[in-house]
file coords.pdb (PDB, C-alpha atoms)
MODEL        1
ATOM      1  CA  MET A 315     124.749 -56.021  31.261
ATOM      2  CA  PHE A 316     120.996 -55.754  30.803
ATOM      3  CA  GLY A 317     120.374 -53.525  33.817
ATOM      4  CA  ARG A 318     119.644 -49.846  33.946
ATOM      5  CA  LYS A 319     122.448 -47.414  33.325
ATOM      6  CA  LYS A 320     123.498 -45.613  36.464
ATOM      7  CA  GLU A 321     123.798 -42.152  34.822
ATOM      8  CA  GLU A 322     120.154 -42.067  33.550
ATOM      9  CA  PRO A 323     117.899 -39.846  35.714
ATOM     10  CA  SER A 324     114.981 -41.550  37.399
ATOM     11  CA  ALA A 325     111.396 -40.822  36.400
ATOM     12  CA  GLN A 326     110.680 -39.136  39.737
ATOM     13  CA  SER A 327     113.586 -36.736  39.347
ATOM     14  CA  VAL A 328     112.383 -35.767  35.825
ATOM     15  CA  VAL A 329     108.877 -34.986  37.180
ATOM     16  CA  ASP A 330     110.298 -32.985  40.089
ATOM     17  CA  GLN A 331     112.492 -30.992  37.733
ATOM     18  CA  ALA A 332     109.509 -30.244  35.428
ATOM     19  CA  TYR A 333     107.468 -28.912  38.370
ATOM     20  CA  ALA A 334     110.355 -26.785  39.501
ATOM     21  CA  THR A 335     110.805 -25.140  36.078
ATOM     22  CA  ALA A 336     107.063 -24.717  35.283
ATOM     23  CA  PRO A 337     105.810 -21.132  35.669
ATOM     24  CA  GLU A 338     103.345 -20.560  38.455
ATOM     25  CA  SER A 339      99.819 -19.766  37.361
ATOM     26  CA  GLY A 340      96.771 -18.581  39.265
ATOM     27  CA  ALA A 341      94.915 -21.808  38.515
ATOM     28  CA  GLY A 342      95.856 -25.182  39.825
ATOM     29  CA  LYS A 343      96.684 -26.156  43.348
ATOM     30  CA  GLY A 344      98.043 -22.739  44.220
ATOM     31  CA  ALA A 345      94.515 -21.699  45.284
ATOM     32  CA  PRO A 346      91.689 -23.534  46.998
ATOM     33  CA  THR A 347      89.073 -25.131  44.773
ATOM     34  CA  PRO A 348      85.932 -22.984  44.697
ATOM     35  CA  LYS A 349      82.784 -24.523  46.113
ATOM     36  CA  ARG A 350      80.124 -25.783  43.729
ATOM     37  CA  LYS A 351      77.437 -23.397  44.961
ATOM     38  CA  ASP A 352      79.785 -20.435  44.392
ATOM     39  CA  GLN A 353      80.530 -21.554  40.826
ATOM     40  CA  GLU A 354      76.831 -22.113  40.085
ATOM     41  CA  ALA A 355      75.935 -18.712  41.508
ATOM     42  CA  ALA A 356      78.586 -17.050  39.319
ATOM     43  CA  ARG A 357      77.164 -18.706  36.214
ATOM     44  CA  LYS A 358      73.556 -17.793  36.944
ATOM     45  CA  ARG A 359      72.020 -15.013  34.912
ATOM     46  CA  PRO A 360      68.404 -13.941  35.100
ATOM     47  CA  LEU A 361      66.176 -15.224  32.301
ATOM     48  CA  VAL A 362      64.317 -11.939  32.317
ATOM     49  CA  PRO A 363      66.315  -8.737  32.929
ATOM     50  CA  ASN A 364      65.388  -6.607  35.918
ATOM     51  CA  ASP A 365      64.628  -3.537  33.793
ATOM     52  CA  ARG A 366      62.549  -4.885  30.911
ATOM     53  CA  LYS A 367      61.834  -1.499  29.337
ATOM     54  CA  ALA A 368      65.504  -0.586  29.145
ATOM     55  CA  SER A 369      66.328  -4.027  27.771
ATOM     56  CA  LYS A 370      63.670  -3.749  25.033
ATOM     57  CA  ALA A 371      64.784  -0.224  24.157
ATOM     58  CA  ALA A 372      68.414  -1.339  23.876
ATOM     59  CA  GLU A 373      67.401  -4.302  21.704
ATOM     60  CA  ARG A 374      65.301  -2.044  19.466
ATOM     61  CA  VAL A 375      68.199   0.380  19.036
ATOM     62  CA  ALA A 376      70.557  -2.500  18.167
ATOM     63  CA  ILE A 377      68.110  -3.839  15.538
ATOM     64  CA  GLN A 378      67.640  -0.361  14.023
ATOM     65  CA  ASP A 379      71.405   0.110  13.896
ATOM     66  CA  GLN A 380      71.835  -3.256  12.149
ATOM     67  CA  ARG A 381      69.112  -2.392   9.611
ATOM     68  CA  GLN A 382      70.689   0.999   8.936
ATOM     69  CA  LYS A 383      74.071  -0.626   8.288
ATOM     70  CA  MET A 384      72.421  -3.163   5.957
ATOM     71  CA  ARG A 385      70.648  -0.378   4.025
ATOM     72  CA  GLN A 386      73.924   1.500   3.588
ATOM     73  CA  ALA A 387      75.646  -1.713   2.507
ATOM     74  CA  LEU A 388      72.954  -2.289  -0.145
ATOM     75  CA  ASP A 389      73.722   1.199  -1.496
ATOM     76  CA  THR A 390      77.523   1.003  -1.305
ATOM     77  CA  GLY A 391      78.137  -2.742  -1.749
ATOM     78  CA  ASP A 392      79.995  -3.064   1.588
ATOM     79  CA  GLU A 393      80.477  -6.821   2.049
ATOM     80  CA  ARG A 394      80.505  -6.749   5.873
ATOM     81  CA  PHE A 395      76.853  -5.782   6.299
ATOM     82  CA  LEU A 396      75.242  -7.273   3.192
ATOM     83  CA  PRO A 397      72.536  -9.917   3.630
ATOM     84  CA  LEU A 398      73.786 -13.495   3.492
ATOM     85  CA  ARG A 399      72.347 -14.109   0.004
ATOM     86  CA  ASP A 400      74.507 -11.270  -1.422
ATOM     87  CA  LYS A 401      77.792 -12.058   0.351
ATOM     88  CA  GLY A 402      80.889 -13.599  -1.143
ATOM     89  CA  PRO A 403      83.325 -12.977  -3.992
ATOM     90  CA  GLN A 404      81.346 -15.052  -6.508
ATOM     91  CA  LYS A 405      78.131 -13.151  -5.788
ATOM     92  CA  ARG A 406      79.981  -9.829  -6.175
ATOM     93  CA  TYR A 407      81.478 -10.976  -9.471
ATOM     94  CA  THR A 408      78.045 -12.157 -10.649
ATOM     95  CA  ARG A 409      76.467  -8.815  -9.735
ATOM     96  CA  ASP A 410      79.154  -6.856 -11.550
ATOM     97  CA  TYR A 411      78.939  -9.049 -14.650
ATOM     98  CA  VAL A 412      75.127  -8.816 -14.844
ATOM     99  CA  ASP A 413      75.159  -5.059 -14.201
ATOM    100  CA  ALA A 414      77.749  -4.495 -16.938
ATOM    101  CA  ARG A 415      75.685  -6.137 -19.688
ATOM    102  CA  PHE A 416      72.429  -5.129 -21.339
ATOM    103  CA  SER A 417      69.661  -7.622 -20.511
ATOM    104  CA  LEU A 418      66.315  -7.967 -22.219
ATOM    105  CA  GLY A 419      64.860  -9.203 -18.943
ATOM    106  CA  GLU A 420      65.042  -5.692 -17.488
ATOM    107  CA  TYR A 421      62.157  -4.680 -19.731
ATOM    108  CA  LEU A 422      60.005  -7.792 -19.323
ATOM    109  CA  MET A 423      57.853  -6.183 -16.613
ATOM    110  CA  PHE A 424      57.305  -3.086 -18.768
ATOM    111  CA  GLY A 425      56.311  -5.333 -21.680
ATOM    112  CA  ALA A 426      53.874  -7.230 -19.474
ATOM    113  CA  LEU A 427      52.356  -3.973 -18.216
ATOM    114  CA  LEU A 428      52.033  -2.702 -21.790
ATOM    115  CA  PHE A 429      50.371  -5.967 -22.802
ATOM    116  CA  VAL A 430      47.823  -5.619 -19.978
ATOM    117  CA  VAL A 431      47.024  -2.006 -20.941
ATOM    118  CA  ILE A 432      46.654  -2.851 -24.648
ATOM    119  CA  SER A 433      44.485  -5.895 -23.876
ATOM    120  CA  LEU A 434      42.172  -3.606 -21.875
ATOM    121  CA  ILE A 435      41.922  -1.144 -24.755
ATOM    122  CA  ILE A 436      41.501  -3.592 -27.647
ATOM    123  CA  PRO A 437      38.361  -5.746 -27.476
ATOM    124  CA  PRO A 438      39.093  -9.468 -27.031
ATOM    125  CA  THR A 439      37.075 -10.403 -30.124
ATOM    126  CA  SER A 440      39.164  -8.312 -32.551
ATOM    127  CA  ALA A 441      42.056  -9.708 -34.615
ATOM    128  CA  GLY A 442      44.468  -7.155 -33.128
ATOM    129  CA  ILE A 443      44.552  -8.908 -29.754
ATOM    130  CA  SER A 444      46.093 -12.012 -31.329
ATOM    131  CA  TYR A 445      48.982  -9.904 -32.699
ATOM    132  CA  VAL A 446      49.538  -8.369 -29.273
ATOM    133  CA  LEU A 447      49.559 -11.815 -27.698
ATOM    134  CA  ILE A 448      52.027 -13.136 -30.290
ATOM    135  CA  GLY A 449      54.231 -10.092 -29.716
ATOM    136  CA  PHE A 450      54.220 -10.706 -25.958
ATOM    137  CA  TRP A 451      55.169 -14.384 -26.395
ATOM    138  CA  ILE A 452      57.976 -13.450 -28.792
ATOM    139  CA  MET A 453      59.327 -11.001 -26.201
ATOM    140  CA  PHE A 454      59.034 -13.644 -23.481
ATOM    141  CA  LEU A 455      60.920 -16.172 -25.640
ATOM    142  CA  ALA A 456      63.642 -13.599 -26.402
ATOM    143  CA  VAL A 457      64.075 -12.951 -22.652
ATOM    144  CA  PHE A 458      64.308 -16.699 -21.999
ATOM    145  CA  VAL A 459      67.027 -17.090 -24.660
ATOM    146  CA  ASP A 460      68.907 -14.066 -23.270
ATOM    147  CA  VAL A 461      68.842 -15.500 -19.733
ATOM    148  CA  PHE A 462      69.993 -18.892 -21.033
ATOM    149  CA  ILE A 463      72.963 -17.259 -22.825
ATOM    150  CA  LEU A 464      73.746 -15.256 -19.668
ATOM    151  CA  SER A 465      73.776 -18.390 -17.526
ATOM    152  CA  ARG A 466      76.183 -20.174 -19.903
ATOM    153  CA  LYS A 467      78.561 -17.189 -20.087
ATOM    154  CA  LEU A 468      78.392 -16.627 -16.339
ATOM    155  CA  ARG A 469      79.156 -20.290 -15.584
ATOM    156  CA  LYS A 470      82.172 -20.142 -17.906
ATOM    157  CA  ARG A 471      83.473 -16.898 -16.376
ATOM    158  CA  LEU A 472      83.029 -18.083 -12.787
ATOM    159  CA  THR A 473      84.755 -21.386 -13.531
ATOM    160  CA  GLU A 474      87.697 -19.575 -15.133
ATOM    161  CA  LYS A 475      88.076 -17.151 -12.229
ATOM    162  CA  PHE A 476      87.220 -19.265  -9.165
ATOM    163  CA  GLY A 477      87.762 -22.842 -10.333
ATOM    164  CA  GLU A 478      84.254 -23.966  -9.417
ATOM    165  CA  VAL A 479      80.835 -22.359  -9.379
ATOM    166  CA  GLU A 480      79.316 -21.739  -5.963
ATOM    167  CA  ARG A 481      75.834 -23.177  -5.601
ATOM    168  CA  GLY A 482      73.147 -20.578  -6.349
ATOM    169  CA  SER A 483      75.414 -18.057  -8.116
ATOM    170  CA  ILE A 484      73.981 -18.669 -11.599
ATOM    171  CA  TRP A 485      70.383 -18.444 -10.376
ATOM    172  CA  TYR A 486      71.314 -15.285  -8.458
ATOM    173  CA  GLY A 487      72.670 -13.709 -11.652
ATOM    174  CA  CYS A 488      69.652 -14.737 -13.748
ATOM    175  CA  MET A 489      67.177 -13.299 -11.247
ATOM    176  CA  ARG A 490      69.194 -10.079 -11.059
ATOM    177  CA  ALA A 491      69.119  -9.808 -14.862
ATOM    178  CA  LEU A 492      65.292  -9.852 -14.758
ATOM    179  CA  GLN A 493      65.162  -6.777 -12.518
ATOM    180  CA  PHE A 494      65.180  -3.219 -13.788
ATOM    181  CA  ARG A 495      68.730  -1.889 -13.359
ATOM    182  CA  LYS A 496      67.840   1.097 -11.161
ATOM    183  CA  LEU A 497      65.757  -1.062  -8.808
ATOM    184  CA  ARG A 498      68.427  -3.728  -8.208
ATOM    185  CA  LEU A 499      69.699  -4.279  -4.678
ATOM    186  CA  PRO A 500      72.588  -4.135  -3.892
ATOM    187  CA  LYS A 501      72.835  -1.173  -6.244
ATOM    188  CA  PRO A 502      75.030  -1.596  -9.334
ATOM    189  CA  GLN A 503      78.643  -0.606  -8.664
ATOM    190  CA  VAL A 504      79.783  -0.731 -12.329
ATOM    191  CA  LYS A 505      78.719   1.045 -15.498
ATOM    192  CA  ARG A 506      77.411  -0.733 -18.578
ATOM    193  CA  GLY A 507      80.246  -2.353 -20.491
ATOM    194  CA  GLN A 508      82.561  -2.276 -17.448
ATOM    195  CA  TYR A 509      82.903  -6.053 -17.084
ATOM    196  CA  PRO A 510      84.822  -7.451 -14.094
ATOM    197  CA  ALA A 511      88.301  -8.866 -14.751
TER
ENDMDL
END

call {"tool": "encode", "arguments": {"input": "coords.pdb", "output": "structure tokens"}}
result
Amino acid sequence: MFGRKKEEPSAQSVVDQAYATAPESGAGKGAPTPKRKDQEAARKRPLVPNDRKASKAAERVAIQDQRQKMRQALDTGDERFLPLRDKGPQKRYTRDYVDARFSLGEYLMFGALLFVVISLIIPPTSAGISYVLIGFWIMFLAVFVDVFILSRKLRKRLTEKFGEVERGSIWYGCMRALQFRKLRLPKPQVKRGQYPA
């Protein structure tokens, strides 16, 4: 009553049947186990290649090729070869959004250069230098406000499109907005007013 049923196969017969139906492979007990010294010898590679000059030349060519691909990617915006700081859909969206808008920050460096030239021309004791200084600080404040507005708009746009803002994307966009448009890398891929969807 409580004993084993006679028609059930035994455990040994199940194992034998599994071995019989299993496909034969090159590994396993079909071949002798290789000796340890043979396995270690197969894994050994020289720390220093035999032909050092050829090795260095090949490495130099590989580095030059990688740099060339990165330079082309900075011109064309090809994601595969861009530097790590420029990769990703959020960074691309940020670049396109910043490049599509007019930013006061683009002209901050020109304003600073103009301030330096004028301060060299006008004597420091004259009243005119104070007006130049006030003008420079007004421009600096306007750039700060523009970058603040950009960061708010960019955060809103990225949240709407991607759900969350990737760390560093807002800072990336703000720093790009402070660069002159023609000197930005990767180069702008959109025209002014051509905002990304």

call {"tool": "resolve_selection", "arguments": {"input": "coords.pdb", "expression": "the PyMOL selection byres ((chain A and resi 483-490) around 9)", "output": "VMD selection string"}}
result
chain A and resid 399 to 400 404 to 405 408 to 409 411 to 413 419 to 420 461 to 462 464 to 466 468 to 469 472 479 to 482 491 to 495 498 to 499

call {"tool": "atom_distance", "arguments": {"input": "coords.pdb", "atom1": "atom CA of Thr473 of chain A", "atom2": "atom CA of Met384 of chain A"}}
result
29.4 Å

call {"tool": "residues_around", "arguments": {"input": "coords.pdb", "residues": "Arg506 of chain A", "least_positions_apart": "5", "cutoff": "8 Å", "atoms": "only C-alpha atoms", "output": "list in words"}}
result
Asp413, Ala414, Arg415 and Phe416 of chain A

call {"tool": "resolve_selection", "arguments": {"input": "coords.pdb", "expression": "the PyMOL selection byres ((chain A and resi 444-453) around 8)", "output": "PDB file with C-alpha atoms, in the coordinates of the input"}}
result
ATOM      1  CA  LEU A 422      60.005  -7.792 -19.323  1.00  0.00           C
ATOM      2  CA  GLY A 425      56.311  -5.333 -21.680  1.00  0.00           C
ATOM      3  CA  ALA A 426      53.874  -7.230 -19.474  1.00  0.00           C
ATOM      4  CA  PHE A 429      50.371  -5.967 -22.802  1.00  0.00           C
ATOM      5  CA  ILE A 432      46.654  -2.851 -24.648  1.00  0.00           C
ATOM      6  CA  SER A 433      44.485  -5.895 -23.876  1.00  0.00           C
ATOM      7  CA  SER A 440      39.164  -8.312 -32.551  1.00  0.00           C
ATOM      8  CA  ALA A 441      42.056  -9.708 -34.615  1.00  0.00           C
ATOM      9  CA  GLY A 442      44.468  -7.155 -33.128  1.00  0.00           C
ATOM     10  CA  ILE A 443      44.552  -8.908 -29.754  1.00  0.00           C
ATOM     11  CA  PHE A 454      59.034 -13.644 -23.481  1.00  0.00           C
ATOM     12  CA  LEU A 455      60.920 -16.172 -25.640  1.00  0.00           C
ATOM     13  CA  ALA A 456      63.642 -13.599 -26.402  1.00  0.00           C
ATOM     14  CA  VAL A 457      64.075 -12.951 -22.652  1.00  0.00           C
TER      15      VAL A 457
END

call {"tool": "atom_distance", "arguments": {"input": "coords.pdb", "atom1": "atom CA of Lys475 of chain A", "atom2": "atom CA of Ala511 of chain A"}}
result
8.7 Å

call {"tool": "residues_around", "arguments": {"input": "coords.pdb", "residues": "Asp389 of chain A", "least_positions_apart": "2", "cutoff": "7 Å", "atoms": "all atoms listed in the file", "output": "number ranges by chain"}}
result
A: 385-387, 391, 500-501

call {"tool": "closest_residue", "arguments": {"input": "coords.pdb", "among": "A:Tyr421, A:Tyr509, A:Phe458, A:Phe395", "to": "Arg471 of chain A", "atoms": "all atoms listed in the file"}}
result
A:Tyr509

call {"tool": "atom_distance", "arguments": {"input": "coords.pdb", "atom1": "atom CA of Arg406 of chain A", "atom2": "atom CA of Glu393 of chain A"}}
result
8.8 Å

call {"tool": "axis_aligned_box", "arguments": {"input": "coords.pdb", "around": "segment 444-451 of chain A", "padding_each_side": "5 Å", "output": "JSON"}}
result
{"center_x": 50.6, "center_y": -11.4, "center_z": -29.3, "size_x": 19.1, "size_y": 16.0, "size_z": 16.7}

call {"tool": "closest_residue", "arguments": {"input": "coords.pdb", "among": "A:Ile463, A:Pro346, A:Lys505, A:Lys470", "to": "Leu418 of chain A", "atoms": "all atoms listed in the file"}}
result
A:Ile463
